[in-house]
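K.L.:
I have a structure I would like to understand better, so I am pasting it below and will then ask my questions one at a time.
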Amino acid sequence: MHIDFAPPSGGTYNNAGSSRQLTSYMEHEDLERMEKGIYTDSFFDLTDDNIYKSKVIKDIDSNIGQLLKTDAKFFAIHISPSESELRAMGNTEQEKAEALKRYIREIFIPEYAKNFNKGLSEADIKFYGKIHFDRSRSDNELNMHCHLIVSRKDQANKKKLSPLTNHKNTKEGMVTGGFDRVNLFQQAEQRFDKLFGYNRQLSESFEYSNTMKNGSIDDKLKMQEQKLKEPKQYFTGEKKKEIFQSSEKENMTSCNIDNKAENKQSYNRQNNNSSDYLLSIFSLGDGNNYDATQAEELQAQKRKKKKGIRR
């Protein structure tokens, strides 16, 4: 699962003014699909479907009480399930779209509200979503994802809510509450798995990607060891088999080279595209292959670190 908060910009994601430009972009795929007679999905909120773009713009643009001209008026959030997650969500595009909306309504928005630590529920969040079915720069077979536009103010137009704040459940001072992004990502992932009965591999979990990106050398080594011991899943049609990975080096290094290169490129892209605003759950693709080279490098770094502190 990949979740990110789009960084504000001077273009489509300019959130200091009207939401018109972003909502227009969110509809960009509809005309082409309608001309081909392909299923499309309209804007939706917590309870309703088939919402007109004009209503979205009016509701978001009018919910800005006490905000300054340069303040953010809304936030854009992208929710992109992986191919394997999408396969667990239904058979047809329409089934997957309905499942994704259900996930957003029943899990993501409630967790989003809860993480402000202000006693909010999903009913307090003003948001609109739009399902996209394609991604032009992707070779994946399945590319369904959802764009959310979320108001900076709550439904009552009283409380300011920012998921980009660095405060976390603060009790005193000018800013109380905050927003715990790590907890949001963890809960959103765990509840997705429970809702759809999804058997998540360690390598595609938030815990794994966060540790491999931000953890200590010891933590990374422990995570690699856990990954090695994990049953590896193979899919043949609708039948799934689990085979334990061998701990012998010759088996570890005989992993598919193409998949290994693809995983390395994905990992590098994640590190190169990091931003204060782009806070994501990264899916590392089919990262079930044990990377012996990476483990050896981590061990070398650990030995070098210990050697450097000897006197």
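Going by the structure tokens order, chains are called A, B, ..., each with residues numbered from 1, while ligands are numbered from 1 in the order shown.
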Running DSSP on the backbone, which parts of stretch 10-214 of chain A land in alpha helix (DSSP H), as a ChimeraX atom specification?
P.N.:
/A:20-26,30-35,53-62,83-87,93-103,109-114,181-196,206-214
K.L.:
Taking 2 positions as the minimum chain separation for residues in the same chain, which residues sit within 6 Å of stretch 80-94 of chain A when counting only C-alpha atoms? Answer as a ChimeraX atom specification.
P.N.:
/A:1-2,96-97,99,142,145
K.L.:
Could you save those same residues with N, CA, C and O atoms as a short mmCIF file (atom, residue, chain, number, x, y, z; two decimals), in the first residue's frame?
P.N.:
```cif
data_model
loop_
_atom_site.label_atom_id
_atom_site.label_comp_id
_atom_site.auth_asym_id
_atom_site.auth_seq_id
_atom_site.Cartn_x
_atom_site.Cartn_y
_atom_site.Cartn_z
N MET A 1 0.85 -1.20 0.00
CA MET A 1 0.00 0.00 0.00
C MET A 1 0.88 1.24 0.00
O MET A 1 1.84 1.34 0.77
N HIS A 2 0.59 2.15 -0.88
CA HIS A 2 1.34 3.40 -0.96
C HIS A 2 0.38 4.55 -0.67
O HIS A 2 -0.61 4.73 -1.38
N LYS A 96 -13.44 -3.79 -7.57
CA LYS A 96 -12.25 -3.21 -6.93
C LYS A 96 -12.51 -1.76 -6.52
O LYS A 96 -12.08 -1.32 -5.44
N ALA A 97 -13.20 -1.00 -7.38
CA ALA A 97 -13.50 0.40 -7.08
C ALA A 97 -14.40 0.50 -5.85
O ALA A 97 -14.18 1.34 -4.96
N ALA A 99 -14.64 -1.71 -3.48
CA ALA A 99 -13.86 -2.15 -2.33
C ALA A 99 -12.92 -1.04 -1.85
O ALA A 99 -12.74 -0.84 -0.64
N LEU A 142 -2.39 -3.73 -13.12
CA LEU A 142 -3.44 -3.07 -12.34
C LEU A 142 -2.89 -1.78 -11.75
O LEU A 142 -1.86 -1.79 -11.08
N HIS A 145 -6.12 3.57 -8.29
CA HIS A 145 -5.73 4.34 -7.12
C HIS A 145 -6.79 5.39 -6.86
O HIS A 145 -7.70 5.59 -7.67
#
```
K.L.:
To one decimal place in Å, what is the distance between atom CA of A:Pro110 and atom CA of A:Pro163?
P.N.:
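So the two atoms, atom CA of A:Pro110 and atom CA of A:Pro163, lie 13.6 Å apart.
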K.L.:
Quick one: which stretch 43-141 of chain A residues come within 10 Å of stretch 13-37 of chain A, and what is the nearest atom pair for each with the distance in Å to one decimal, counting only C-alpha atoms, rows ordered by chain and ascending number, as a Markdown table?
P.N.:
```
| residue | atom | partner | partner_atom | distance |
| --- | --- | --- | --- | --- |
| A:Phe43 | CA | A:Glu27 | CA | 8.7 |
| A:Lys53 | CA | A:Thr23 | CA | 6.8 |
| A:Ser54 | CA | A:Arg20 | CA | 8.6 |
| A:Val56 | CA | A:Thr23 | CA | 7.6 |
| A:Ile57 | CA | A:Ser19 | CA | 5.8 |
| A:Lys58 | CA | A:Ser19 | CA | 8.7 |
| A:Asp59 | CA | A:Ser19 | CA | 9.6 |
| A:Ile60 | CA | A:Ser19 | CA | 6.8 |
| A:Asp61 | CA | A:Ser18 | CA | 5.8 |
| A:Ser62 | CA | A:Ser18 | CA | 9.3 |
| A:Leu67 | CA | A:Ala16 | CA | 9.7 |
| A:Leu68 | CA | A:Ala16 | CA | 8.9 |
| A:Lys69 | CA | A:Ala16 | CA | 6.9 |
| A:Thr70 | CA | A:Ala16 | CA | 5.4 |
| A:Asp71 | CA | A:Ala16 | CA | 5.5 |
| A:Ala72 | CA | A:Ala16 | CA | 4.6 |
| A:Lys73 | CA | A:Ala16 | CA | 5.6 |
| A:Phe74 | CA | A:Asn15 | CA | 5.7 |
| A:Phe75 | CA | A:Asn15 | CA | 6.7 |
| A:Ala76 | CA | A:Tyr13 | CA | 7.2 |
| A:Tyr128 | CA | A:Thr23 | CA | 9.4 |
| A:Gly129 | CA | A:Met26 | CA | 8.8 |
| A:Lys130 | CA | A:Met26 | CA | 6.5 |
| A:Ile131 | CA | A:Met26 | CA | 8.4 |
| A:His132 | CA | A:Glu29 | CA | 7.2 |
| A:Phe133 | CA | A:Glu29 | CA | 8.2 |
| A:Asp134 | CA | A:Glu29 | CA | 8.1 |
| A:Arg135 | CA | A:Glu29 | CA | 9.8 |
```
K.L.:
How about saving the chosen residues, C-alpha atoms kept, as a tab-separated table (two decimals), in the first residue's frame?
P.N.:
```tsv
chain	number	residue	atom	x	y	z
A	43	PHE	CA	-16.79	11.79	-6.84
A	53	LYS	CA	-17.65	18.39	-9.39
A	54	SER	CA	-19.41	21.74	-8.82
A	56	VAL	CA	-17.04	19.45	-4.47
A	57	ILE	CA	-15.57	22.83	-5.41
A	58	LYS	CA	-18.28	24.77	-3.58
A	59	ASP	CA	-18.01	22.72	-0.38
A	60	ILE	CA	-14.22	22.79	-0.18
A	61	ASP	CA	-13.85	26.45	-1.17
A	62	SER	CA	-16.47	27.66	1.32
A	67	LEU	CA	-7.89	30.89	7.32
A	68	LEU	CA	-5.45	33.47	5.96
A	69	LYS	CA	-5.03	34.10	2.25
A	70	THR	CA	-1.76	32.15	2.13
A	71	ASP	CA	-2.92	29.30	4.37
A	72	ALA	CA	-3.54	25.81	2.99
A	73	LYS	CA	-7.27	25.40	2.33
A	74	PHE	CA	-7.17	21.65	1.59
A	75	PHE	CA	-4.80	18.71	1.24
A	76	ALA	CA	-4.43	16.13	-1.53
A	128	TYR	CA	-14.19	13.98	-1.49
A	129	GLY	CA	-12.60	11.10	-3.36
A	130	LYS	CA	-12.18	10.08	-6.99
A	131	ILE	CA	-11.09	6.68	-8.26
A	132	HIS	CA	-8.56	6.57	-11.10
A	133	PHE	CA	-8.13	3.35	-13.06
A	134	ASP	CA	-4.97	3.99	-15.06
A	135	ARG	CA	-1.49	5.44	-14.61
```
K.L.:
Which one is closest to A:Asp154: A:Phe116, A:Tyr198, A:Phe108, A:Phe179? Count only C-alpha atoms.
P.N.:
A:Phe116
K.L.:
Take atom CA of A:Met223 and atom CA of A:Ser205 and report the distance between them in Å, one decimal.
P.N.:
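Pair atom CA of A:Met223 / atom CA of A:Ser205 returns 11.3 Å.
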K.L.:
Where in stretch 51-122 of chain A does DSSP assign strand (DSSP E or B), given as a ChimeraX atom specification?
P.N.:
/A:51,74-80
K.L.:
Report the distance between atom CA of A:Ser216 and atom CA of A:Gly178 in Å, rounded to one decimal place.
P.N.:
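Interatomic distance here is 26.4 Å.
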K.L.:
If we count only C-alpha atoms and set the cut-off at 12 Å, which residues sit around A:Lys158, ignoring sequence neighbours fewer than 6 positions away in its own chain? Please answer as a PyMOL selection string.
P.N.:
chain A and resi 63-67+124-126+151-152
